[in-house]
Structure formats: C-alpha cells, structure tokens
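Shown next: final-v1.csv, given as CSV, C-alpha atoms and all ligand atoms.
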```
chain,number,residue,atom,x,y,z
C,23,MET,CA,-11.1,-14.8,-4.6
C,24,ARG,CA,-9.3,-11.6,-4.0
C,25,LYS,CA,-5.7,-11.6,-2.9
C,26,LYS,CA,-4.6,-11.4,0.7
C,27,ILE,CA,-1.5,-9.2,0.9
C,28,VAL,CA,0.9,-8.1,3.6
C,29,ALA,CA,3.1,-5.2,2.2
C,30,GLY,CA,5.9,-3.5,4.0
C,31,ASN,CA,6.7,0.2,3.6
C,32,TRP,CA,10.3,0.8,4.7
C,33,LYS,CA,10.0,4.6,4.2
C,34,MET,CA,13.3,6.4,4.5
C,35,ASN,CA,14.9,3.8,6.8
C,36,LEU,CA,17.8,1.3,6.4
C,37,ASN,CA,21.0,1.9,4.4
C,38,LEU,CA,21.6,-0.4,1.4
C,39,GLN,CA,23.5,-3.0,3.4
C,40,GLU,CA,20.8,-3.0,6.2
C,41,GLY,CA,18.1,-3.3,3.6
C,42,VAL,CA,19.8,-6.3,1.9
C,43,ALA,CA,20.2,-7.9,5.3
C,44,LEU,CA,16.5,-7.5,6.1
C,45,ALA,CA,15.4,-8.8,2.7
C,46,THR,CA,17.8,-11.8,3.1
C,47,GLU,CA,16.4,-12.6,6.6
C,48,LEU,CA,12.8,-12.4,5.4
C,49,LYS,CA,13.6,-14.6,2.4
C,50,ALA,CA,15.0,-17.3,4.7
C,51,ALA,CA,12.1,-17.0,7.1
C,52,LEU,CA,9.5,-17.4,4.4
C,53,ALA,CA,11.4,-20.2,2.7
C,54,ALA,CA,11.3,-22.1,6.0
C,55,ASP,CA,7.7,-21.3,6.6
C,56,ALA,CA,5.7,-20.4,3.5
C,57,PRO,CA,3.2,-17.6,3.9
C,58,ASN,CA,-0.6,-17.9,3.3
C,59,CYS,CA,-0.7,-14.5,1.6
C,60,ASP,CA,1.2,-12.4,-0.9
C,61,VAL,CA,4.1,-10.6,0.6
C,62,VAL,CA,5.6,-7.4,-0.8
C,63,ILE,CA,8.4,-5.2,0.4
C,64,CYS,CA,8.5,-1.6,-0.7
C,65,THR,CA,11.9,0.0,-0.4
C,66,PRO,CA,13.7,3.2,-1.1
C,67,PHE,CA,14.7,3.6,-4.7
C,68,ILE,CA,18.3,3.0,-4.1
C,69,HIS,CA,17.6,-0.5,-2.7
C,70,LEU,CA,15.4,-1.7,-5.5
C,71,ALA,CA,17.9,-3.2,-8.0
C,72,THR,CA,20.0,-5.0,-5.3
C,73,VAL,CA,17.0,-6.2,-3.3
C,74,ALA,CA,15.4,-7.5,-6.6
C,75,GLY,CA,18.4,-9.8,-6.9
C,76,VAL,CA,17.8,-11.1,-3.3
C,77,VAL,CA,14.1,-11.8,-3.7
C,78,GLU,CA,14.1,-13.1,-7.3
C,79,GLY,CA,12.5,-16.5,-7.5
C,80,THR,CA,11.0,-16.2,-4.0
C,81,VAL,CA,7.5,-15.5,-2.8
C,82,ILE,CA,8.5,-11.9,-2.0
C,83,GLY,CA,7.3,-9.2,-4.3
C,84,LEU,CA,9.1,-5.9,-4.6
C,85,GLY,CA,7.9,-2.3,-4.8
C,86,ALA,CA,8.9,1.3,-4.7
C,87,GLU,CA,7.5,3.9,-2.4
C,88,ASN,CA,6.8,6.5,-5.0
C,89,CYS,CA,7.5,7.4,-8.6
C,90,ALA,CA,7.5,10.6,-10.7
C,91,ASP,CA,4.4,12.2,-12.3
C,92,LYS,CA,6.4,12.7,-15.5
C,93,GLU,CA,7.4,10.1,-18.1
C,94,LYS,CA,11.1,11.1,-18.4
C,95,GLY,CA,13.5,14.0,-19.0
C,96,ALA,CA,14.8,17.0,-17.2
C,97,TYR,CA,13.4,16.4,-13.7
C,98,THR,CA,16.5,16.3,-11.6
C,99,GLY,CA,16.3,13.9,-8.7
C,100,GLU,CA,13.0,12.2,-9.8
C,101,VAL,CA,12.6,8.5,-10.6
C,102,SER,CA,10.2,7.5,-13.3
C,103,ALA,CA,7.8,4.5,-13.3
C,104,ALA,CA,9.8,3.0,-16.2
C,105,GLN,CA,13.0,3.3,-14.1
C,106,VAL,CA,11.3,1.6,-11.2
C,107,LYS,CA,10.0,-1.2,-13.4
C,108,SER,CA,13.5,-1.7,-14.9
C,109,THR,CA,14.9,-2.6,-11.5
C,110,GLY,CA,12.7,-5.7,-11.3
C,111,ALA,CA,10.1,-4.1,-9.0
C,112,GLN,CA,6.5,-5.0,-9.7
C,113,TYR,CA,4.7,-2.6,-7.3
C,114,VAL,CA,4.7,1.1,-6.4
C,115,ILE,CA,3.0,2.8,-3.4
C,116,LEU,CA,1.3,6.0,-4.5
C,117,GLY,CA,-0.7,8.6,-2.5
C,118,HIS,CA,0.9,7.8,0.9
C,119,SER,CA,-0.3,10.4,3.4
C,120,GLU,CA,3.3,11.5,4.0
C,121,ARG,CA,3.7,12.3,0.3
C,122,ARG,CA,0.4,14.1,0.3
C,123,ALA,CA,1.2,16.1,3.4
C,124,TYR,CA,4.9,16.8,3.1
C,125,TYR,CA,5.4,16.9,-0.7
C,126,GLY,CA,2.1,18.5,-1.8
C,127,GLU,CA,0.9,15.6,-3.8
C,128,THR,CA,-2.6,16.5,-5.0
C,129,ALA,CA,-5.2,14.2,-6.5
C,130,GLU,CA,-4.3,15.5,-10.0
C,131,ILE,CA,-0.6,14.7,-9.5
C,132,LEU,CA,-1.5,11.3,-8.2
C,133,LYS,CA,-3.7,10.6,-11.1
C,134,GLU,CA,-0.7,11.2,-13.4
C,135,LYS,CA,1.5,8.9,-11.3
C,136,VAL,CA,-1.1,6.2,-11.3
C,137,ASN,CA,-1.5,6.4,-15.1
C,138,LEU,CA,2.3,6.2,-15.6
C,139,ALA,CA,2.7,3.4,-13.1
C,140,LEU,CA,0.0,1.3,-14.8
C,141,ALA,CA,1.3,2.1,-18.3
C,142,ASN,CA,4.7,0.8,-17.2
C,143,GLY,CA,3.3,-2.5,-15.9
C,144,LEU,CA,3.5,-1.7,-12.2
C,145,LYS,CA,0.8,-2.7,-9.7
C,146,VAL,CA,-0.2,0.3,-7.6
C,147,ILE,CA,-0.8,0.3,-3.9
C,148,PHE,CA,-2.9,3.4,-3.6
C,149,CYS,CA,-3.2,4.9,-0.2
C,150,ILE,CA,-6.2,6.8,1.1
C,151,GLY,CA,-7.2,8.0,4.6
C,152,GLU,CA,-8.5,10.8,6.7
C,153,VAL,CA,-6.7,13.0,9.3
C,154,LEU,CA,-7.9,13.1,12.9
C,155,GLU,CA,-9.9,16.3,12.6
C,156,GLU,CA,-11.8,14.8,9.6
C,157,ARG,CA,-12.6,11.7,11.6
C,158,GLU,CA,-13.7,13.7,14.6
C,159,ALA,CA,-16.0,15.7,12.3
C,160,GLY,CA,-17.5,12.5,10.9
C,161,LYS,CA,-16.1,13.3,7.5
C,162,GLN,CA,-14.0,10.2,6.9
C,163,ASN,CA,-16.2,8.7,4.2
C,164,GLU,CA,-16.5,12.0,2.3
C,165,VAL,CA,-12.7,12.5,2.4
C,166,VAL,CA,-11.8,8.9,1.4
C,167,GLY,CA,-14.5,9.0,-1.3
C,168,ALA,CA,-13.0,12.2,-2.8
C,169,GLN,CA,-9.5,10.7,-2.7
C,170,LEU,CA,-10.7,7.7,-4.7
C,171,ALA,CA,-12.7,9.8,-7.2
C,172,GLY,CA,-9.9,12.4,-7.6
C,173,SER,CA,-7.2,10.0,-8.7
C,174,LEU,CA,-8.8,6.7,-9.8
C,175,TYR,CA,-12.1,7.3,-11.4
C,176,ASP,CA,-10.8,7.9,-14.9
C,177,LEU,CA,-9.4,4.4,-14.9
C,178,THR,CA,-11.1,1.5,-16.8
C,179,ALA,CA,-12.4,-1.5,-14.9
C,180,GLU,CA,-9.5,-3.4,-16.6
C,181,GLN,CA,-6.9,-1.0,-15.2
C,182,MET,CA,-8.5,-1.2,-11.7
C,183,LYS,CA,-7.5,-4.8,-11.6
C,184,ASN,CA,-3.9,-3.6,-11.0
C,185,ILE,CA,-4.8,-1.3,-8.2
C,186,ILE,CA,-4.6,-2.4,-4.5
C,187,LEU,CA,-6.1,0.0,-2.1
C,188,ALA,CA,-4.6,0.8,1.3
C,189,TYR,CA,-6.9,2.5,3.9
C,190,GLU,CA,-4.5,4.3,6.2
C,191,PRO,CA,-6.2,6.6,8.7
C,192,VAL,CA,-3.5,9.3,9.1
C,193,TRP,CA,-4.1,9.4,12.9
C,194,ALA,CA,-3.0,5.8,13.1
C,195,ILE,CA,0.2,6.0,11.1
C,196,GLY,CA,3.3,5.6,13.3
C,197,THR,CA,1.3,6.8,16.3
C,198,GLY,CA,0.8,3.4,18.0
C,199,LYS,CA,-2.9,4.2,17.8
C,200,THR,CA,-4.6,1.6,15.7
C,201,ALA,CA,-8.1,1.9,14.3
C,202,THR,CA,-10.4,-0.7,15.8
C,203,SER,CA,-11.1,-3.7,13.6
C,204,ASP,CA,-14.7,-2.4,13.4
C,205,GLN,CA,-13.6,1.0,12.3
C,206,ALA,CA,-11.4,-0.6,9.7
C,207,GLN,CA,-14.3,-2.9,8.5
C,208,ASP,CA,-16.7,0.0,8.3
C,209,MET,CA,-14.4,2.0,6.1
C,210,HIS,CA,-13.3,-0.9,4.0
C,211,ALA,CA,-16.9,-1.8,3.3
C,212,PHE,CA,-17.6,1.8,2.3
C,213,ILE,CA,-14.6,1.8,0.0
C,214,ARG,CA,-15.7,-1.5,-1.6
C,215,GLY,CA,-19.2,0.0,-2.1
C,216,GLU,CA,-17.8,3.0,-3.8
C,217,ILE,CA,-15.6,0.8,-6.1
C,218,CYS,CA,-18.7,-1.2,-6.9
C,219,LYS,CA,-20.8,1.9,-7.8
C,220,LYS,CA,-18.0,3.1,-10.1
C,221,PHE,CA,-16.5,0.0,-11.6
C,222,GLY,CA,-19.1,-2.8,-10.9
C,223,ALA,CA,-19.4,-5.7,-8.6
C,224,GLU,CA,-16.8,-7.9,-10.2
C,225,VAL,CA,-14.0,-5.3,-9.8
C,226,ALA,CA,-15.1,-4.4,-6.3
C,227,GLU,CA,-15.0,-8.1,-5.3
C,228,GLN,CA,-11.5,-8.5,-6.8
C,229,THR,CA,-9.9,-5.4,-5.3
C,230,SER,CA,-7.8,-6.1,-2.3
C,231,ILE,CA,-8.1,-3.4,0.4
C,232,LEU,CA,-5.3,-3.3,2.9
C,233,TYR,CA,-5.4,-1.6,6.3
C,234,GLY,CA,-2.4,0.5,7.4
C,235,GLY,CA,-1.7,2.3,10.7
C,236,SER,CA,0.3,0.8,13.6
C,237,CYS,CA,-0.4,-2.7,12.6
C,238,LYS,CA,1.6,-5.2,14.6
C,239,PRO,CA,1.7,-8.9,15.3
C,240,SER,CA,-0.5,-8.4,18.4
C,241,ASN,CA,-3.4,-6.7,16.5
C,242,ALA,CA,-3.1,-8.1,12.9
C,243,LYS,CA,-5.2,-11.2,13.4
C,244,ASP,CA,-8.2,-9.2,14.8
C,245,ILE,CA,-8.0,-6.6,12.0
C,246,PHE,CA,-7.5,-9.2,9.2
C,247,SER,CA,-10.5,-11.2,10.6
C,248,LYS,CA,-12.9,-8.6,9.1
C,249,PRO,CA,-14.5,-9.6,5.8
C,250,ASP,CA,-13.4,-6.5,3.9
C,251,VAL,CA,-9.9,-6.3,5.2
C,252,ASP,CA,-7.6,-8.2,2.8
C,253,GLY,CA,-4.3,-7.6,4.6
C,254,GLY,CA,-2.0,-4.8,5.7
C,255,LEU,CA,0.4,-2.1,4.6
C,256,ILE,CA,3.0,-2.1,7.4
C,257,GLY,CA,5.4,0.7,8.3
C,258,GLY,CA,7.4,0.4,11.5
C,259,ALA,CA,6.8,-3.3,12.0
C,260,ALA,CA,8.1,-4.0,8.5
C,261,LEU,CA,11.6,-3.0,9.6
C,262,LYS,CA,12.1,-6.1,11.9
C,263,CYS,CA,11.8,-9.5,10.2
C,264,ALA,CA,10.2,-11.1,13.3
C,265,ASP,CA,7.5,-8.5,13.5
C,266,PHE,CA,6.8,-8.5,9.8
C,267,LYS,CA,6.7,-12.3,9.8
C,268,GLY,CA,4.4,-12.2,12.8
C,269,ILE,CA,1.9,-10.0,10.8
C,270,ILE,CA,2.2,-12.3,7.8
C,271,ASP,CA,1.4,-15.2,10.1
C,272,ALA,CA,-1.8,-13.6,11.1
C,273,TRP,CA,-3.2,-15.1,8.0
C,274,LYS,CA,-2.6,-18.6,9.3
C,275,ALA,CA,-5.2,-20.5,11.2
G,301,LIG,C1,2.5,3.5,6.8
G,301,LIG,O1,3.1,4.5,6.8
G,301,LIG,O2,2.2,3.0,5.6
G,301,LIG,C2,2.2,2.7,8.0
G,301,LIG,C3,1.2,1.9,8.0
G,301,LIG,O3,3.0,3.0,9.1
G,301,LIG,P1,3.0,2.4,10.5
G,301,LIG,O4,2.7,0.9,10.4
G,301,LIG,O5,4.3,2.6,11.1
G,301,LIG,O6,1.9,3.0,11.3
```

Write-out of the structure in structure tokens:
Amino acid sequence: MRKKIVAGNWKMNLNLQEGVALATELKAALAADAPNCDVVICTPFIHLATVAGVVEGTVIGLGAENCADKEKGAYTGEVSAAQVKSTGAQYVILGHSERRAYYGETAEILKEKVNLALANGLKVIFCIGEVLEEREAGKQNEVVGAQLAGSLYDLTAEQMKNIILAYEPVWAIGTGKTATSDQAQDMHAFIRGEICKKFGAEVAEQTSILYGGSCKPSNAKDIFSKPDVDGGLIGGAALKCADFKGIIDAWKA
C-alpha cells in the first residue's frame, strides 16, 4: 500500500514566530483528531530547527523547500542537504516550478540536488508539471516525461523508494484554477506508467504521486478520490491551520 500524504509548502511566507504558531496550532489540531494520512510541513530554512522541536514526537513530518546542488564549501547563502538534515527535517521539496522558473534550476542541477538529498537521508518531494502553453499544445505528457527522465532516471529502484512525486500543473499554482480530478488522474496514471517502464511495477505501485495546484478543502475530496492521486502538495491553503486540516480530512470517510 503506498502512502497517502498531505504536504504543505509554506514558500516565503510567515516569520519565525508566525511559523512556530502555525506548527503549534496544527500539532494541537492533529493531536485532537488524528489524520488518516501522512502529514508534512515544508518551511523556509530559518524555521526548520525551531519547528523541528515543535513537531518532534508528533505525526507531523518536516521538510525544507529546497537545498543546494553542492555538498559544502564556499557557496555563500546556500543551504546543503546535510544542513537541512541536521535540523531534524526528513523531507525536501525539489524541482518546484518557482525554482525552475525564477532561479534557473535545470534538470541537471535538480539531478545533483536529488542525489545529495538522498545521500543525506532525506526523502525528496520532486515536483513536475507543465505550463499553460504546453497544456494548450497537448504537450503535457511529453514535458512531464522529460522532467522525470532528466532528473530521476539515473536513480536505482531502491533510491526511488525515497522519492515522492508531486504533479503541479504550473497554470494551477496559486491561480485558484484547479486541474479537474480527471485531468489529475490522467496525468498521474501517465506518470505511474512512466515510472513502471523505467523502474518496474513494484516501484511504480509504491510511489506516492501528489497533486498540487490550488487545492483546498472544497476540492480535495474529489481530487483525492482518483485512484492514482495519493494526496496533495498544498501552497496557499497550508498557511491556515483550518484549511490545511480541512484538506487532511479529505482522506476521511
Ligand atoms: C505549490 O506551489 O506547491 C502549490 C500547490 O501552491 P497553491 O496550493 O497555492 O496553488
């Protein structure tokens, strides 16, 4: 049985005190009403060590939103996978479309980041997804297939067990425009098929594939009801405990 996961991506929001308050509120909400899925919050680097203390011993996993493509050394301002791991975090988001678009992260750079994250014992939430023009041209499968191949296909089947995929159509991120549950299912089934071709049926069956893009409590149940959708990567709605909890609760009957 593959894992059902709801992961939050706080992006560059919340100061440290606000982040600690949100994590504390979420911890109380999930202690009072246990989730039916894995829950992860991915926070800015500066929050990690403090939030790790808040969520320690709870059901909440912790992740970073990025890490460096270099092991260590003279890379001013960068944060390595080993440094992320040392905060107590267990996950890292890599390949988010905002990193690809605004910071020039190529498939090659992401390949390095994935390798370093895995080598340091982090689980990777690897994001893939097409922009609007690519979807309108019917090229979404080609684009997503190339993103998978470009950064993940040198991994072993064993390493793939520590990869969670997040399909995030770029046109749906932060726009309020969600993919339909059928569009999500079609793409997730395509992705699972590609993983099966490359790594075999066992890995494909075990790989959790999350949907991301304007997911909210009102649409999560419909999206999560699809057989190849194993949860969500949540941006805006992860910043309010009630909204994030509402999405987590979509996994309840
Ligand atoms: C994201 O950026 O990962 C995301 C899914 O954002 P939002 O939920 O705000 O669309």

Could you jot down the atom CA of C:Asp208 to atom CA of C:Val225 separation for me, Å, one decimal place? 19.1 Å

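With a cut-off of 8 Å and using all atoms listed in the file, the polymer residues contacting ligand LIG 301 (chain G) are Gly30, Asn31, Lys33, His118, Ser119, Glu120, Glu190, Ala194, Ile195, Gly196, Thr197, Gly198, Thr200, Tyr233, Gly234, Gly235, Ser236, Cys237, Lys238, Gly254, Leu255, Ile256, Gly257, Gly258, Ala259 and Ala260 of chain C.
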
Distance criterion (all atoms listed in the file): nearest to C:Ile82 out of C:Ser230, C:Tyr125, C:Asp250, C:Ile270: C:Ile270

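Counting all atoms listed in the file and comparing C:Ala51, C:Ile269, C:Leu44, C:Val61, the residue that lies closest to C:Gln112 is C:Val61.
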
Please determine, counting only C-alpha atoms, which residue among C:Leu232, C:Leu132, C:Ala96, C:Ala159 has the shortest atom-to-atom distance to C:Lys248. C:Leu232

Which of C:Leu38, C:Leu261, C:Cys89, C:Ala223 sits closest to C:Ile63 [using only C-alpha atoms]: C:Leu261

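With distances taken over all atoms listed in the file, C:Val106 is the one residue among C:Ile245, C:Ala139, C:Val106, C:Leu52 lying closest to C:Ala71.
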
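Using all atoms listed in the file, the nearest neighbour of C:Ala45 within the list C:Thr72, C:Lys26, C:Thr229, C:Gln162 is C:Thr72.
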
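Note that atom CA of C:Cys149 and atom CA of C:Thr98 are 25.5 Å apart.
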
Atom CA of C:Trp193 to atom CA of C:Gly268, distance in Å rounded to a single decimal: 23.2 Å

Which polymer residues have any atom within 8 Å of an atom of C:Val62, counting only C-alpha atoms, with same-chain residues fewer than 6 positions away left out, as number ranges by chain? C: 27-30, 82-85

Would you pick out the contacts of C:Ile231 at 8 Å or less, using only C-alpha atoms, so that residues sharing its chain but fewer than 4 positions from it are not included, and give the list as an MDAnalysis selection string? chainID C and resid 186:189 210 250:253

Can you put all heavy atoms back into stretch 100-111 of chain C and show it as an mmCIF file, in the coordinates of the input?
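Result written to out-v7.cif:
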```cif
data_model
loop_
_atom_site.group_PDB
_atom_site.id
_atom_site.type_symbol
_atom_site.label_atom_id
_atom_site.label_comp_id
_atom_site.auth_asym_id
_atom_site.auth_seq_id
_atom_site.Cartn_x
_atom_site.Cartn_y
_atom_site.Cartn_z
ATOM 1 N N GLU C 100 14.252 13.019 -9.732
ATOM 2 C CA GLU C 100 13.000 12.200 -9.800
ATOM 3 C C GLU C 100 13.345 10.807 -10.325
ATOM 4 O O GLU C 100 14.368 10.597 -10.983
ATOM 5 C CB GLU C 100 11.998 12.875 -10.692
ATOM 6 C CG GLU C 100 11.343 14.095 -10.058
ATOM 7 C CD GLU C 100 10.478 13.723 -8.866
ATOM 8 O OE1 GLU C 100 9.474 13.025 -9.028
ATOM 9 O OE2 GLU C 100 10.824 14.139 -7.743
ATOM 10 N N VAL C 101 12.456 9.882 -10.084
ATOM 11 C CA VAL C 101 12.600 8.500 -10.600
ATOM 12 C C VAL C 101 11.295 8.107 -11.250
ATOM 13 O O VAL C 101 10.217 8.178 -10.636
ATOM 14 C CB VAL C 101 12.912 7.539 -9.389
ATOM 15 C CG1 VAL C 101 12.971 6.095 -9.878
ATOM 16 C CG2 VAL C 101 14.235 7.926 -8.721
ATOM 17 N N SER C 102 11.391 7.724 -12.512
ATOM 18 C CA SER C 102 10.200 7.500 -13.300
ATOM 19 C C SER C 102 9.639 6.050 -13.020
ATOM 20 O O SER C 102 10.357 5.162 -12.542
ATOM 21 C CB SER C 102 10.456 7.609 -14.773
ATOM 22 O OG SER C 102 11.239 6.514 -15.215
ATOM 23 N N ALA C 103 8.387 5.852 -13.404
ATOM 24 C CA ALA C 103 7.800 4.500 -13.300
ATOM 25 C C ALA C 103 8.552 3.513 -14.134
ATOM 26 O O ALA C 103 8.767 2.374 -13.707
ATOM 27 C CB ALA C 103 6.316 4.589 -13.750
ATOM 28 N N ALA C 104 9.005 3.933 -15.313
ATOM 29 C CA ALA C 104 9.800 3.000 -16.200
ATOM 30 C C ALA C 104 11.082 2.619 -15.497
ATOM 31 O O ALA C 104 11.524 1.466 -15.589
ATOM 32 C CB ALA C 104 10.038 3.672 -17.526
ATOM 33 N N GLN C 105 11.707 3.582 -14.826
ATOM 34 C CA GLN C 105 13.000 3.300 -14.100
ATOM 35 C C GLN C 105 12.700 2.306 -12.960
ATOM 36 O O GLN C 105 13.483 1.368 -12.740
ATOM 37 C CB GLN C 105 13.614 4.566 -13.622
ATOM 38 C CG GLN C 105 14.190 5.403 -14.754
ATOM 39 C CD GLN C 105 14.649 6.781 -14.305
ATOM 40 O OE1 GLN C 105 14.031 7.399 -13.435
ATOM 41 N NE2 GLN C 105 15.718 7.261 -14.906
ATOM 42 N N VAL C 106 11.612 2.522 -12.236
ATOM 43 C CA VAL C 106 11.300 1.600 -11.200
ATOM 44 C C VAL C 106 11.082 0.191 -11.726
ATOM 45 O O VAL C 106 11.646 -0.787 -11.232
ATOM 46 C CB VAL C 106 9.965 2.048 -10.432
ATOM 47 C CG1 VAL C 106 9.429 0.960 -9.515
ATOM 48 C CG2 VAL C 106 10.216 3.333 -9.634
ATOM 49 N N LYS C 107 10.316 0.108 -12.788
ATOM 50 C CA LYS C 107 10.000 -1.200 -13.400
ATOM 51 C C LYS C 107 11.338 -1.878 -13.858
ATOM 52 O O LYS C 107 11.490 -3.098 -13.719
ATOM 53 C CB LYS C 107 9.094 -0.968 -14.598
ATOM 54 C CG LYS C 107 8.736 -2.205 -15.362
ATOM 55 C CD LYS C 107 7.748 -3.084 -14.629
ATOM 56 C CE LYS C 107 7.416 -4.322 -15.465
ATOM 57 N NZ LYS C 107 6.565 -5.258 -14.743
ATOM 58 N N SER C 108 12.274 -1.096 -14.360
ATOM 59 C CA SER C 108 13.500 -1.700 -14.900
ATOM 60 C C SER C 108 14.400 -2.295 -13.808
ATOM 61 O O SER C 108 15.321 -3.044 -14.108
ATOM 62 C CB SER C 108 14.314 -0.618 -15.665
ATOM 63 O OG SER C 108 14.931 0.299 -14.771
ATOM 64 N N THR C 109 14.129 -1.995 -12.536
ATOM 65 C CA THR C 109 14.900 -2.600 -11.500
ATOM 66 C C THR C 109 14.461 -4.027 -11.162
ATOM 67 O O THR C 109 15.130 -4.766 -10.450
ATOM 68 C CB THR C 109 14.752 -1.816 -10.131
ATOM 69 O OG1 THR C 109 13.397 -1.926 -9.678
ATOM 70 C CG2 THR C 109 15.139 -0.363 -10.283
ATOM 71 N N GLY C 110 13.270 -4.385 -11.673
ATOM 72 C CA GLY C 110 12.700 -5.700 -11.300
ATOM 73 C C GLY C 110 11.519 -5.560 -10.374
ATOM 74 O O GLY C 110 10.877 -6.558 -10.046
ATOM 75 N N ALA C 111 11.237 -4.347 -9.923
ATOM 76 C CA ALA C 111 10.100 -4.100 -9.000
ATOM 77 C C ALA C 111 8.787 -4.366 -9.784
ATOM 78 O O ALA C 111 8.710 -4.121 -10.992
ATOM 79 C CB ALA C 111 10.122 -2.729 -8.447
#
```
